[in-house]
$ cat coords-v3.txt   # compact mmCIF, N, CA, C and O atoms
# COMPACT_ATOMS: atom_id res chain seq x y z
N MET W 510 -12.81 -29.50 18.54
CA MET W 510 -13.52 -28.62 19.45
C MET W 510 -13.74 -27.25 18.80
O MET W 510 -14.78 -26.63 18.99
N LYS W 511 -12.75 -26.78 18.03
CA LYS W 511 -12.87 -25.49 17.38
C LYS W 511 -14.01 -25.50 16.35
O LYS W 511 -14.76 -24.53 16.23
N LYS W 512 -14.16 -26.63 15.63
CA LYS W 512 -15.24 -26.76 14.65
C LYS W 512 -16.60 -26.69 15.34
O LYS W 512 -17.55 -26.12 14.80
N PHE W 513 -16.70 -27.25 16.54
CA PHE W 513 -17.95 -27.23 17.29
C PHE W 513 -18.35 -25.79 17.60
O PHE W 513 -19.50 -25.40 17.41
N PHE W 514 -17.42 -24.99 18.10
CA PHE W 514 -17.72 -23.61 18.48
C PHE W 514 -18.06 -22.76 17.26
O PHE W 514 -18.94 -21.90 17.32
N ILE W 515 -17.38 -22.99 16.16
CA ILE W 515 -17.70 -22.26 14.93
C ILE W 515 -19.09 -22.65 14.45
O ILE W 515 -19.90 -21.79 14.07
N GLY W 516 -19.41 -23.94 14.49
CA GLY W 516 -20.74 -24.41 14.12
C GLY W 516 -21.81 -23.87 15.05
O GLY W 516 -22.89 -23.47 14.60
N PHE W 517 -21.52 -23.85 16.34
CA PHE W 517 -22.46 -23.32 17.33
C PHE W 517 -22.75 -21.85 17.06
O PHE W 517 -23.90 -21.42 17.07
N ALA W 518 -21.71 -21.08 16.80
CA ALA W 518 -21.88 -19.65 16.51
C ALA W 518 -22.68 -19.46 15.23
O ALA W 518 -23.59 -18.61 15.17
N PHE W 519 -22.40 -20.24 14.21
CA PHE W 519 -23.11 -20.14 12.94
C PHE W 519 -24.60 -20.45 13.11
O PHE W 519 -25.46 -19.70 12.63
N VAL W 520 -24.91 -21.54 13.80
CA VAL W 520 -26.31 -21.92 14.01
C VAL W 520 -27.02 -20.88 14.88
O VAL W 520 -28.17 -20.54 14.61
N SER W 521 -26.35 -20.35 15.88
CA SER W 521 -26.96 -19.32 16.74
C SER W 521 -27.31 -18.07 15.94
O SER W 521 -28.40 -17.52 16.08
N VAL W 522 -26.39 -17.64 15.10
CA VAL W 522 -26.64 -16.46 14.27
C VAL W 522 -27.75 -16.74 13.26
O VAL W 522 -28.62 -15.90 13.02
N LEU W 523 -27.76 -17.93 12.69
CA LEU W 523 -28.80 -18.31 11.74
C LEU W 523 -30.18 -18.31 12.39
O LEU W 523 -31.13 -17.75 11.84
N ILE W 524 -30.27 -18.90 13.57
CA ILE W 524 -31.55 -18.93 14.28
C ILE W 524 -32.01 -17.52 14.63
O ILE W 524 -33.16 -17.15 14.42
N ALA W 525 -31.10 -16.72 15.17
CA ALA W 525 -31.46 -15.35 15.57
C ALA W 525 -31.81 -14.49 14.37
O ALA W 525 -32.73 -13.66 14.44
N GLY W 526 -31.12 -14.68 13.27
CA GLY W 526 -31.34 -13.82 12.11
C GLY W 526 -32.50 -14.22 11.23
O GLY W 526 -33.13 -13.36 10.62
N VAL W 527 -32.82 -15.50 11.18
CA VAL W 527 -33.86 -15.96 10.27
C VAL W 527 -35.14 -16.34 11.00
O VAL W 527 -36.22 -15.86 10.67
N LEU W 528 -35.03 -17.19 12.01
CA LEU W 528 -36.22 -17.69 12.68
C LEU W 528 -36.93 -16.63 13.53
O LEU W 528 -38.11 -16.78 13.83
N SER W 529 -36.25 -15.57 13.89
CA SER W 529 -36.88 -14.53 14.69
C SER W 529 -38.02 -13.85 13.95
O SER W 529 -38.95 -13.33 14.57
N TYR W 530 -37.99 -13.86 12.62
CA TYR W 530 -39.08 -13.27 11.85
C TYR W 530 -40.37 -14.10 11.93
O TYR W 530 -41.45 -13.61 11.64
N PHE W 531 -40.24 -15.37 12.32
CA PHE W 531 -41.40 -16.24 12.41
C PHE W 531 -41.96 -16.33 13.83
O PHE W 531 -42.92 -17.05 14.07
N ALA W 532 -41.37 -15.61 14.77
CA ALA W 532 -41.84 -15.65 16.16
C ALA W 532 -43.22 -15.00 16.26
O ALA W 532 -43.55 -14.06 15.53
N SER W 533 -44.01 -15.49 17.17
CA SER W 533 -45.36 -14.98 17.36
C SER W 533 -45.33 -13.61 18.03
O SER W 533 -44.57 -13.36 18.95
N SER W 534 -46.20 -12.73 17.57
CA SER W 534 -46.31 -11.42 18.20
C SER W 534 -47.37 -11.41 19.29
O SER W 534 -47.58 -10.40 19.95
N ASP W 535 -48.05 -12.54 19.48
CA ASP W 535 -49.04 -12.66 20.55
C ASP W 535 -48.34 -12.67 21.90
O ASP W 535 -47.19 -13.12 22.00
N PRO W 536 -49.00 -12.17 22.94
CA PRO W 536 -48.35 -12.14 24.26
C PRO W 536 -48.10 -13.55 24.79
O PRO W 536 -48.85 -14.48 24.49
N ASP W 537 -47.01 -13.70 25.55
CA ASP W 537 -46.72 -15.00 26.14
C ASP W 537 -47.59 -15.19 27.38
O ASP W 537 -48.44 -14.36 27.70
N GLY W 538 -47.43 -16.30 28.08
CA GLY W 538 -48.27 -16.63 29.22
C GLY W 538 -48.24 -15.59 30.33
O GLY W 538 -49.28 -15.24 30.90
N LEU W 539 -47.06 -15.07 30.63
CA LEU W 539 -46.94 -14.07 31.69
C LEU W 539 -47.65 -12.77 31.29
O LEU W 539 -48.40 -12.20 32.07
N ASP W 540 -47.41 -12.32 30.07
CA ASP W 540 -48.08 -11.11 29.60
C ASP W 540 -49.59 -11.27 29.60
O ASP W 540 -50.33 -10.37 29.99
N LYS W 541 -50.06 -12.42 29.15
CA LYS W 541 -51.50 -12.68 29.10
C LYS W 541 -52.10 -12.67 30.50
O LYS W 541 -53.17 -12.09 30.73
N THR W 542 -51.43 -13.28 31.47
CA THR W 542 -51.92 -13.30 32.84
C THR W 542 -51.96 -11.90 33.43
O THR W 542 -52.92 -11.53 34.10
N VAL W 543 -50.93 -11.11 33.17
CA VAL W 543 -50.87 -9.74 33.68
C VAL W 543 -52.02 -8.92 33.08
O VAL W 543 -52.66 -8.14 33.78
N GLU W 544 -52.29 -9.12 31.81
CA GLU W 544 -53.39 -8.40 31.17
C GLU W 544 -54.75 -8.86 31.73
O GLU W 544 -55.63 -8.04 31.99
N ASP W 545 -54.93 -10.17 31.90
CA ASP W 545 -56.21 -10.72 32.37
C ASP W 545 -56.52 -10.34 33.81
O ASP W 545 -57.70 -10.17 34.17
N THR W 546 -55.51 -10.21 34.64
CA THR W 546 -55.74 -9.91 36.06
C THR W 546 -55.81 -8.41 36.35
O THR W 546 -56.13 -8.02 37.46
N GLY W 547 -55.52 -7.58 35.37
CA GLY W 547 -55.60 -6.14 35.56
C GLY W 547 -54.33 -5.50 36.10
O GLY W 547 -54.28 -4.30 36.34
N ILE W 548 -53.30 -6.30 36.30
CA ILE W 548 -52.04 -5.77 36.80
C ILE W 548 -51.41 -4.82 35.77
O ILE W 548 -50.75 -3.85 36.13
N ALA W 549 -51.66 -5.07 34.52
CA ALA W 549 -51.07 -4.26 33.45
C ALA W 549 -51.50 -2.79 33.53
O ALA W 549 -50.80 -1.90 33.04
N ALA W 550 -52.64 -2.53 34.15
CA ALA W 550 -53.13 -1.14 34.27
C ALA W 550 -52.20 -0.29 35.13
O ALA W 550 -52.16 0.93 35.00
N HIS W 551 -51.41 -0.94 35.99
CA HIS W 551 -50.50 -0.22 36.88
C HIS W 551 -49.06 -0.20 36.35
O HIS W 551 -48.18 0.34 37.01
N ALA W 552 -48.85 -0.79 35.19
CA ALA W 552 -47.50 -0.89 34.63
C ALA W 552 -47.02 0.47 34.14
O ALA W 552 -47.80 1.31 33.71
N GLN W 553 -45.71 0.67 34.23
CA GLN W 553 -45.07 1.88 33.73
C GLN W 553 -43.97 1.48 32.78
O GLN W 553 -43.42 0.39 32.86
N GLU W 554 -43.64 2.36 31.87
CA GLU W 554 -42.54 2.11 30.95
C GLU W 554 -41.22 2.13 31.73
O GLU W 554 -41.05 2.94 32.61
N HIS W 555 -40.33 1.24 31.38
CA HIS W 555 -39.02 1.25 32.04
C HIS W 555 -38.11 2.25 31.33
O HIS W 555 -38.40 2.68 30.22
N PRO W 556 -37.03 2.64 31.98
CA PRO W 556 -36.16 3.69 31.43
C PRO W 556 -35.56 3.37 30.06
O PRO W 556 -35.21 4.26 29.31
N LEU W 557 -35.42 2.09 29.71
CA LEU W 557 -34.80 1.72 28.44
C LEU W 557 -35.82 1.41 27.35
O LEU W 557 -35.48 0.85 26.31
N ALA W 558 -37.09 1.77 27.57
CA ALA W 558 -38.15 1.45 26.61
C ALA W 558 -37.91 2.08 25.24
O ALA W 558 -38.32 1.53 24.24
N GLY W 559 -37.25 3.20 25.18
CA GLY W 559 -36.98 3.86 23.91
C GLY W 559 -35.59 3.60 23.37
O GLY W 559 -35.16 4.25 22.42
N SER W 560 -34.90 2.63 23.95
CA SER W 560 -33.52 2.38 23.54
C SER W 560 -33.46 1.67 22.18
O SER W 560 -34.47 1.25 21.63
N THR W 561 -32.28 1.51 21.67
CA THR W 561 -32.07 0.93 20.35
C THR W 561 -32.64 -0.46 20.20
O THR W 561 -33.23 -0.79 19.18
N PHE W 562 -32.48 -1.32 21.21
CA PHE W 562 -32.91 -2.70 21.10
C PHE W 562 -34.26 -2.98 21.75
O PHE W 562 -34.62 -4.12 21.96
N ALA W 563 -35.03 -1.95 22.06
CA ALA W 563 -36.34 -2.15 22.69
C ALA W 563 -37.27 -2.93 21.77
O ALA W 563 -37.24 -2.76 20.55
N ASP W 564 -38.06 -3.80 22.34
CA ASP W 564 -39.02 -4.63 21.60
C ASP W 564 -38.36 -5.53 20.58
O ASP W 564 -38.94 -5.85 19.54
N TYR W 565 -37.17 -5.97 20.83
CA TYR W 565 -36.44 -6.93 20.00
C TYR W 565 -36.29 -6.47 18.56
O TYR W 565 -36.34 -7.26 17.62
N ALA W 566 -36.12 -5.19 18.36
CA ALA W 566 -35.91 -4.65 17.02
C ALA W 566 -35.04 -3.41 17.12
O ALA W 566 -35.03 -2.74 18.14
N LEU W 567 -34.34 -3.12 16.07
CA LEU W 567 -33.51 -1.92 16.05
C LEU W 567 -34.39 -0.70 15.85
O LEU W 567 -35.09 -0.59 14.85
N GLY W 568 -34.36 0.20 16.80
CA GLY W 568 -35.15 1.41 16.72
C GLY W 568 -36.65 1.19 16.72
O GLY W 568 -37.40 2.04 16.27
N GLY W 569 -37.11 0.03 17.20
CA GLY W 569 -38.53 -0.26 17.24
C GLY W 569 -39.13 -0.66 15.90
O GLY W 569 -40.33 -0.85 15.79
N ASP W 570 -38.32 -0.81 14.87
CA ASP W 570 -38.80 -1.18 13.54
C ASP W 570 -38.74 -2.70 13.40
O ASP W 570 -37.67 -3.30 13.45
N SER W 571 -39.88 -3.33 13.19
CA SER W 571 -39.94 -4.80 13.13
C SER W 571 -39.22 -5.37 11.91
O SER W 571 -38.96 -6.58 11.87
N LYS W 572 -38.87 -4.54 10.93
CA LYS W 572 -38.11 -5.04 9.78
C LYS W 572 -36.70 -5.46 10.19
O LYS W 572 -36.05 -6.23 9.50
N PHE W 573 -36.22 -4.93 11.32
CA PHE W 573 -34.85 -5.20 11.76
C PHE W 573 -34.77 -6.19 12.92
O PHE W 573 -33.78 -6.23 13.63
N THR W 574 -35.81 -6.99 13.11
CA THR W 574 -35.82 -7.97 14.19
C THR W 574 -34.66 -8.95 14.05
O THR W 574 -33.98 -9.27 15.01
N GLY W 575 -34.44 -9.46 12.84
CA GLY W 575 -33.36 -10.41 12.61
C GLY W 575 -32.00 -9.81 12.88
O GLY W 575 -31.13 -10.44 13.49
N LEU W 576 -31.80 -8.58 12.46
CA LEU W 576 -30.52 -7.90 12.69
C LEU W 576 -30.29 -7.69 14.19
O LEU W 576 -29.18 -7.87 14.69
N ALA W 577 -31.35 -7.32 14.91
CA ALA W 577 -31.23 -7.16 16.36
C ALA W 577 -30.87 -8.49 17.01
O ALA W 577 -30.04 -8.53 17.93
N GLY W 578 -31.45 -9.58 16.53
CA GLY W 578 -31.12 -10.90 17.05
C GLY W 578 -29.67 -11.28 16.79
O GLY W 578 -28.97 -11.79 17.66
N VAL W 579 -29.21 -11.02 15.57
CA VAL W 579 -27.81 -11.32 15.21
C VAL W 579 -26.86 -10.50 16.07
O VAL W 579 -25.88 -11.02 16.60
N LEU W 580 -27.14 -9.20 16.21
CA LEU W 580 -26.27 -8.35 17.04
C LEU W 580 -26.29 -8.82 18.50
O LEU W 580 -25.25 -8.81 19.16
N GLY W 581 -27.44 -9.25 18.98
CA GLY W 581 -27.52 -9.78 20.34
C GLY W 581 -26.67 -11.02 20.52
O GLY W 581 -25.96 -11.17 21.51
N VAL W 582 -26.73 -11.93 19.55
CA VAL W 582 -25.92 -13.16 19.62
C VAL W 582 -24.44 -12.81 19.58
O VAL W 582 -23.64 -13.36 20.35
N VAL W 583 -24.05 -11.91 18.70
CA VAL W 583 -22.64 -11.52 18.58
C VAL W 583 -22.14 -10.90 19.88
O VAL W 583 -21.05 -11.22 20.36
N VAL W 584 -22.95 -10.03 20.49
CA VAL W 584 -22.55 -9.39 21.74
C VAL W 584 -22.42 -10.43 22.85
O VAL W 584 -21.42 -10.44 23.59
N VAL W 585 -23.39 -11.33 22.98
CA VAL W 585 -23.34 -12.34 24.04
C VAL W 585 -22.16 -13.29 23.83
O VAL W 585 -21.44 -13.61 24.78
N LEU W 586 -21.95 -13.74 22.60
CA LEU W 586 -20.81 -14.62 22.33
C LEU W 586 -19.49 -13.90 22.59
O LEU W 586 -18.55 -14.49 23.15
N GLY W 587 -19.40 -12.64 22.21
CA GLY W 587 -18.18 -11.87 22.46
C GLY W 587 -17.91 -11.69 23.94
O GLY W 587 -16.77 -11.88 24.40
N LEU W 588 -18.93 -11.31 24.69
CA LEU W 588 -18.77 -11.16 26.14
C LEU W 588 -18.42 -12.49 26.81
O LEU W 588 -17.58 -12.54 27.71
N SER W 589 -19.08 -13.55 26.37
CA SER W 589 -18.79 -14.88 26.94
C SER W 589 -17.36 -15.30 26.65
O SER W 589 -16.65 -15.77 27.54
N PHE W 590 -16.93 -15.13 25.41
CA PHE W 590 -15.57 -15.48 25.04
C PHE W 590 -14.57 -14.66 25.86
O PHE W 590 -13.59 -15.20 26.39
N GLY W 591 -14.82 -13.36 25.97
CA GLY W 591 -13.92 -12.51 26.75
C GLY W 591 -13.86 -12.91 28.21
O GLY W 591 -12.78 -12.95 28.81
N LEU W 592 -15.01 -13.22 28.80
CA LEU W 592 -15.05 -13.63 30.20
C LEU W 592 -14.31 -14.94 30.41
O LEU W 592 -13.52 -15.08 31.35
N PHE W 593 -14.57 -15.91 29.53
CA PHE W 593 -13.87 -17.19 29.66
C PHE W 593 -12.38 -17.03 29.44
O PHE W 593 -11.57 -17.70 30.07
N TRP W 594 -11.98 -16.15 28.54
CA TRP W 594 -10.57 -15.92 28.28
C TRP W 594 -9.89 -15.32 29.50
O TRP W 594 -8.78 -15.72 29.86
N VAL W 595 -10.55 -14.39 30.17
CA VAL W 595 -9.99 -13.75 31.36
C VAL W 595 -9.92 -14.73 32.52
O VAL W 595 -8.95 -14.74 33.29
N LEU W 596 -10.94 -15.57 32.66
CA LEU W 596 -11.02 -16.47 33.82
C LEU W 596 -10.36 -17.83 33.62
O LEU W 596 -10.34 -18.63 34.56
N ARG W 597 -9.85 -18.10 32.44
CA ARG W 597 -9.27 -19.42 32.19
C ARG W 597 -8.07 -19.67 33.09
O ARG W 597 -7.41 -18.74 33.56
N LYS W 598 -7.80 -20.92 33.31
CA LYS W 598 -6.64 -21.28 34.12
C LYS W 598 -5.40 -21.15 33.26
O LYS W 598 -5.37 -21.58 32.13
N LYS W 599 -4.42 -20.54 33.82
CA LYS W 599 -3.14 -20.42 33.11
C LYS W 599 -2.39 -21.74 33.24
O LYS W 599 -2.22 -22.27 34.33
N SER W 600 -2.00 -22.28 32.10
CA SER W 600 -1.23 -23.53 32.16
C SER W 600 0.21 -23.20 32.53
O SER W 600 0.77 -22.19 32.13
N GLU W 601 0.77 -24.08 33.32
CA GLU W 601 2.15 -23.85 33.77
C GLU W 601 3.11 -24.18 32.63
O GLU W 601 2.98 -25.17 31.95
N VAL W 602 4.07 -23.31 32.43
CA VAL W 602 5.08 -23.54 31.41
C VAL W 602 6.25 -24.23 32.07
O VAL W 602 6.79 -23.78 33.06
N LYS W 603 6.64 -25.38 31.51
CA LYS W 603 7.74 -26.15 32.11
C LYS W 603 8.97 -26.05 31.27
O LYS W 603 9.02 -25.90 30.14
$ encode --input "coords-v3.txt" --output "structure tokens"
Amino acid sequence: MKKFFIGFAFVSVLIAGVLSYFASSDPDGLDKTVEDTGIAAHAQEHPLAGSTFADYALGGDSKFTGLAGVLGVVVVLGLSFGLFWVLRKKSEVK
């Protein structure tokens, strides 16, 4: 089981760090629909638009997309591990 989780973490980091550079920059279906219907004209920037991880890149620089993906995976895996560790059932000691 431990090998599975290590493999899962490795593959997740690999996908986030390498394949993210090949992702399309074209808008997805929801963005396209919002643009086509004119709803986008009423859109406003959200408060975190200028934050470090905005637009899936560190500091808005597309050269760091992979690094932002890796950091995102590490943060999510760390939070998940911590949450599961806190919520796990305590085994009774006999």
$ atom_distance --input "coords-v3.txt" --atom1 "atom C of W:Val582" --atom2 "atom N of W:Leu596"
19.0 Å
$ atom_distance --input "coords-v3.txt" --atom1 "atom O of W:Lys511" --atom2 "atom O of W:Arg597"
19.7 Å
$ select_by_dssp --input "coords-v3.txt" --residues "chain W" --states "helix (DSSP H, G or I)" --output "MDAnalysis selection string"
chainID W and resid 511:531 538:546 548:551 563:565 567:569 571:596
$ atom_distance --input "coords-v3.txt" --atom1 "atom N of W:Val522" --atom2 "atom CA of W:Gly581"
9.5 Å
$ closest_residue --input "coords-v3.txt" --among "W:Val579, W:Leu557, W:Leu592, W:Met510" --to "W:Leu523" --atoms "all atoms listed in the file"
W:Val579
$ closest_residue --input "coords-v3.txt" --among "W:Thr574, W:Gly587, W:Lys598, W:Glu544" --to "W:Phe531" --atoms "only C-alpha atoms"
W:Thr574
$ closest_residue --input "coords-v3.txt" --among "W:Ala577, W:Ala558, W:Leu539, W:Leu567" --to "W:Ala525" --atoms "all atoms listed in the file"
W:Ala577
$ residues_around --input "coords-v3.txt" --residues "W:Tyr565" --least-positions-apart "3" --cutoff "7 Å" --atoms "all atoms listed in the file" --output "PyMOL selection string"
chain W and resi 561-562+569-571+573-578
